[in-house]
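One structure is given below, encoded as structure tokens.
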Amino acid sequence: MVLDELFIAALILIGSFFGFSAALGLLRMPDFYTRMSTSGKAATLCCGLLLAGVATLFQDAQVTARAVAAILFLLLTVPIGVHMIARAAFRVGTPMWRGSFVKPRFKNPKKELQ
């Protein structure tokens with residue numbers, strides 16, 4: 001019983017840590033694209049670990065099935081959503097951080113019109 005509780009506590013604490021790092025990444029990152037990257041990755045991992053902790057805590061078939069379904073939904077939709085939002089921001093002309101060494105491989109159609 002104690003080992004189960006320690007495992008659940010570890011899942012919830014690690015998930016909370018990733019949630020905190022996602023929030024910190026939103027505040028500390030210099031531009032829109034890095035903010036999207038940190039928040040998308042860390043928030044997905046945060047929610048996945050928290051849901052895994054909840055599924056382990058309740059040990060009920062319905063709760064576990066819902067948690068697994070939610071984790072799969074998050075793993076499939078959040079990266080695609082983050083990519084689509086970042087791509088739309090690039091097409092609109094949202095500037096990148098000046099300290100970035102990465103040069104975009106694609107031309108921005110908005111800059112060609114100006």
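Identifiers in the structure tokens: chain A, B, ... in order shown; residue index from 1 per chain; ligand index from 1 in order shown.
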
Near range 3-14 of chain A, within 8 Å and counting only C-alpha atoms, which residues show up once chain neighbours fewer than 4 positions away are dropped, as a PDB file with N, CA and C atoms, in the first residue's frame?
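Produced file result14.pdb, reproduced below:
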ATOM      1  N   PHE A  18       6.065  19.684 -14.149  1.00  0.00           N
ATOM      2  CA  PHE A  18       6.000  20.034 -15.573  1.00  0.00           C
ATOM      3  C   PHE A  18       4.958  21.115 -15.831  1.00  0.00           C
ATOM      4  N   CYS A  46       2.488  17.285 -18.401  1.00  0.00           N
ATOM      5  CA  CYS A  46       1.857  17.559 -17.109  1.00  0.00           C
ATOM      6  C   CYS A  46       0.498  16.890 -17.011  1.00  0.00           C
ATOM      7  N   LEU A  49       0.753  12.989 -16.954  1.00  0.00           N
ATOM      8  CA  LEU A  49       1.190  12.424 -15.674  1.00  0.00           C
ATOM      9  C   LEU A  49       0.123  12.579 -14.594  1.00  0.00           C
ATOM     10  N   LEU A  50      -0.555  13.710 -14.570  1.00  0.00           N
ATOM     11  CA  LEU A  50      -1.625  13.890 -13.586  1.00  0.00           C
ATOM     12  C   LEU A  50      -2.773  12.913 -13.819  1.00  0.00           C
ATOM     13  N   ALA A  52      -2.487  10.001 -15.296  1.00  0.00           N
ATOM     14  CA  ALA A  52      -1.985   8.677 -14.929  1.00  0.00           C
ATOM     15  C   ALA A  52      -2.015   8.486 -13.413  1.00  0.00           C
ATOM     16  N   GLY A  53      -1.707   9.529 -12.671  1.00  0.00           N
ATOM     17  CA  GLY A  53      -1.795   9.456 -11.213  1.00  0.00           C
ATOM     18  C   GLY A  53      -3.220   9.269 -10.735  1.00  0.00           C
ATOM     19  N   VAL A  54      -4.157   9.943 -11.352  1.00  0.00           N
ATOM     20  CA  VAL A  54      -5.572   9.797 -10.986  1.00  0.00           C
ATOM     21  C   VAL A  54      -6.066   8.387 -11.310  1.00  0.00           C
ATOM     22  N   THR A  56      -4.287   5.692 -11.473  1.00  0.00           N
ATOM     23  CA  THR A  56      -3.664   4.768 -10.529  1.00  0.00           C
ATOM     24  C   THR A  56      -4.291   4.893  -9.145  1.00  0.00           C
ATOM     25  N   LEU A  57      -4.671   6.093  -8.774  1.00  0.00           N
ATOM     26  CA  LEU A  57      -5.259   6.319  -7.451  1.00  0.00           C
ATOM     27  C   LEU A  57      -6.606   5.638  -7.306  1.00  0.00           C
TER      28      LEU A  57
END

Sort by chain and increasing residue number a table of all residues of range 16-60 of chain A within 8 Å of range 85-105 of chain A, each with its closest pair of atoms and their distance in Å to one decimal, counting only C-alpha atoms, and write it as JSON lines.
{"residue": "A:Pro30", "atom": "CA", "partner": "A:Trp97", "partner_atom": "CA", "distance": 6.3}
{"residue": "A:Asp31", "atom": "CA", "partner": "A:Trp97", "partner_atom": "CA", "distance": 5.4}
{"residue": "A:Phe32", "atom": "CA", "partner": "A:Met96", "partner_atom": "CA", "distance": 7.4}
{"residue": "A:Tyr33", "atom": "CA", "partner": "A:Ala86", "partner_atom": "CA", "distance": 6.3}
{"residue": "A:Met36", "atom": "CA", "partner": "A:Ala86", "partner_atom": "CA", "distance": 7.2}

CA of Ser16 in chain A to CA of Cys47 in chain A, distance in Å rounded to a single decimal: 8.6 Å

Could you write out, as a PyMOL selection string, all the residues of range 58-100 of chain A that DSSP marks as helix (DSSP H, G or I)? chain A and resi 58+61-92

For N, CA and C atoms, I'd like the residues from the last selection saved as an mmCIF file, in the first residue's frame.
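Full text of result29.cif as output:
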data_model
loop_
_atom_site.group_PDB
_atom_site.id
_atom_site.type_symbol
_atom_site.label_atom_id
_atom_site.label_comp_id
_atom_site.auth_asym_id
_atom_site.auth_seq_id
_atom_site.Cartn_x
_atom_site.Cartn_y
_atom_site.Cartn_z
ATOM 1 N N PHE A 58 -7.481 5.804 -8.285
ATOM 2 C CA PHE A 58 -8.835 5.277 -8.140
ATOM 3 C C PHE A 58 -8.942 3.783 -8.460
ATOM 4 N N ALA A 61 -12.112 0.677 -13.412
ATOM 5 C CA ALA A 61 -12.019 0.473 -14.859
ATOM 6 C C ALA A 61 -12.537 1.684 -15.631
ATOM 7 N N GLN A 62 -13.626 2.280 -15.178
ATOM 8 C CA GLN A 62 -14.183 3.437 -15.887
ATOM 9 C C GLN A 62 -13.263 4.650 -15.793
ATOM 10 N N VAL A 63 -12.740 4.884 -14.612
ATOM 11 C CA VAL A 63 -11.846 6.031 -14.432
ATOM 12 C C VAL A 63 -10.569 5.830 -15.234
ATOM 13 N N THR A 64 -10.026 4.630 -15.219
ATOM 14 C CA THR A 64 -8.805 4.347 -15.972
ATOM 15 C C THR A 64 -9.040 4.478 -17.468
ATOM 16 N N ALA A 65 -10.167 3.983 -17.942
ATOM 17 C CA ALA A 65 -10.477 4.095 -19.370
ATOM 18 C C ALA A 65 -10.622 5.548 -19.784
ATOM 19 N N ARG A 66 -11.257 6.346 -18.963
ATOM 20 C CA ARG A 66 -11.410 7.769 -19.291
ATOM 21 C C ARG A 66 -10.068 8.489 -19.245
ATOM 22 N N ALA A 67 -9.235 8.135 -18.277
ATOM 23 C CA ALA A 67 -7.917 8.770 -18.176
ATOM 24 C C ALA A 67 -7.051 8.398 -19.372
ATOM 25 N N VAL A 68 -7.079 7.131 -19.765
ATOM 26 C CA VAL A 68 -6.300 6.704 -20.932
ATOM 27 C C VAL A 68 -6.819 7.381 -22.194
ATOM 28 N N ALA A 69 -8.136 7.485 -22.329
ATOM 29 C CA ALA A 69 -8.708 8.167 -23.492
ATOM 30 C C ALA A 69 -8.306 9.644 -23.518
ATOM 31 N N ALA A 70 -8.312 10.286 -22.355
ATOM 32 C CA ALA A 70 -7.916 11.697 -22.292
ATOM 33 C C ALA A 70 -6.438 11.869 -22.604
ATOM 34 N N ILE A 71 -5.599 10.959 -22.122
ATOM 35 C CA ILE A 71 -4.169 11.033 -22.415
ATOM 36 C C ILE A 71 -3.922 10.864 -23.913
ATOM 37 N N LEU A 72 -4.571 9.889 -24.513
ATOM 38 C CA LEU A 72 -4.415 9.685 -25.961
ATOM 39 C C LEU A 72 -4.919 10.889 -26.751
ATOM 40 N N PHE A 73 -6.042 11.457 -26.313
ATOM 41 C CA PHE A 73 -6.579 12.646 -26.977
ATOM 42 C C PHE A 73 -5.584 13.800 -26.886
ATOM 43 N N LEU A 74 -5.002 13.997 -25.707
ATOM 44 C CA LEU A 74 -4.019 15.071 -25.545
ATOM 45 C C LEU A 74 -2.780 14.831 -26.398
ATOM 46 N N LEU A 75 -2.294 13.591 -26.411
ATOM 47 C CA LEU A 75 -1.094 13.294 -27.188
ATOM 48 C C LEU A 75 -1.317 13.470 -28.688
ATOM 49 N N LEU A 76 -2.539 13.291 -29.129
ATOM 50 C CA LEU A 76 -2.832 13.437 -30.555
ATOM 51 C C LEU A 76 -3.173 14.869 -30.954
ATOM 52 N N THR A 77 -3.795 15.621 -30.082
ATOM 53 C CA THR A 77 -4.303 16.936 -30.491
ATOM 54 C C THR A 77 -3.411 18.111 -30.114
ATOM 55 N N VAL A 78 -2.763 18.079 -28.975
ATOM 56 C CA VAL A 78 -1.985 19.243 -28.538
ATOM 57 C C VAL A 78 -0.811 19.538 -29.475
ATOM 58 N N PRO A 79 0.021 18.558 -29.850
ATOM 59 C CA PRO A 79 1.112 18.905 -30.778
ATOM 60 C C PRO A 79 0.622 19.430 -32.124
ATOM 61 N N ILE A 80 -0.463 18.887 -32.618
ATOM 62 C CA ILE A 80 -1.007 19.356 -33.901
ATOM 63 C C ILE A 80 -1.541 20.778 -33.751
ATOM 64 N N GLY A 81 -2.229 21.039 -32.651
ATOM 65 C CA GLY A 81 -2.756 22.382 -32.414
ATOM 66 C C GLY A 81 -1.658 23.410 -32.254
ATOM 67 N N VAL A 82 -0.613 23.066 -31.515
ATOM 68 C CA VAL A 82 0.514 23.986 -31.328
ATOM 69 C C VAL A 82 1.194 24.266 -32.668
ATOM 70 N N HIS A 83 1.363 23.231 -33.471
ATOM 71 C CA HIS A 83 1.991 23.414 -34.787
ATOM 72 C C HIS A 83 1.136 24.311 -35.679
ATOM 73 N N MET A 84 -0.171 24.096 -35.666
ATOM 74 C CA MET A 84 -1.046 24.911 -36.511
ATOM 75 C C MET A 84 -1.051 26.372 -36.075
ATOM 76 N N ILE A 85 -1.062 26.612 -34.776
ATOM 77 C CA ILE A 85 -1.051 27.993 -34.285
ATOM 78 C C ILE A 85 0.277 28.673 -34.617
ATOM 79 N N ALA A 86 1.395 27.946 -34.434
ATOM 80 C CA ALA A 86 2.701 28.527 -34.755
ATOM 81 C C ALA A 86 2.834 28.786 -36.256
ATOM 82 N N ARG A 87 2.303 27.895 -37.068
ATOM 83 C CA ARG A 87 2.365 28.104 -38.518
ATOM 84 C C ARG A 87 1.517 29.298 -38.946
ATOM 85 N N ALA A 88 0.347 29.445 -38.329
ATOM 86 C CA ALA A 88 -0.489 30.608 -38.635
ATOM 87 C C ALA A 88 0.198 31.896 -38.194
ATOM 88 N N ALA A 89 0.875 31.863 -37.048
ATOM 89 C CA ALA A 89 1.598 33.046 -36.590
ATOM 90 C C ALA A 89 2.736 33.390 -37.543
ATOM 91 N N PHE A 90 3.406 32.370 -38.064
ATOM 92 C CA PHE A 90 4.492 32.623 -39.019
ATOM 93 C C PHE A 90 3.956 33.228 -40.302
ATOM 94 N N ARG A 91 2.831 32.725 -40.753
ATOM 95 C CA ARG A 91 2.248 33.247 -42.001
ATOM 96 C C ARG A 91 1.747 34.677 -41.849
ATOM 97 N N VAL A 92 1.309 35.017 -40.648
ATOM 98 C CA VAL A 92 0.840 36.377 -40.407
ATOM 99 C C VAL A 92 2.012 37.342 -40.286
#

So how many Å separate CA of Ser39 in chain A and CA of Leu51 in chain A, to one decimal? 17.6 Å

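Counting from CA of Met1 in chain A, the distance to CA of Ala43 in chain A is 29.4 Å.
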
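When only C-alpha atoms are used to measure the gap to Ser21 in chain A, the shortest distance among A:Ala42, A:Val2, A:Arg35, A:Gly48 belongs to A:Ala42.
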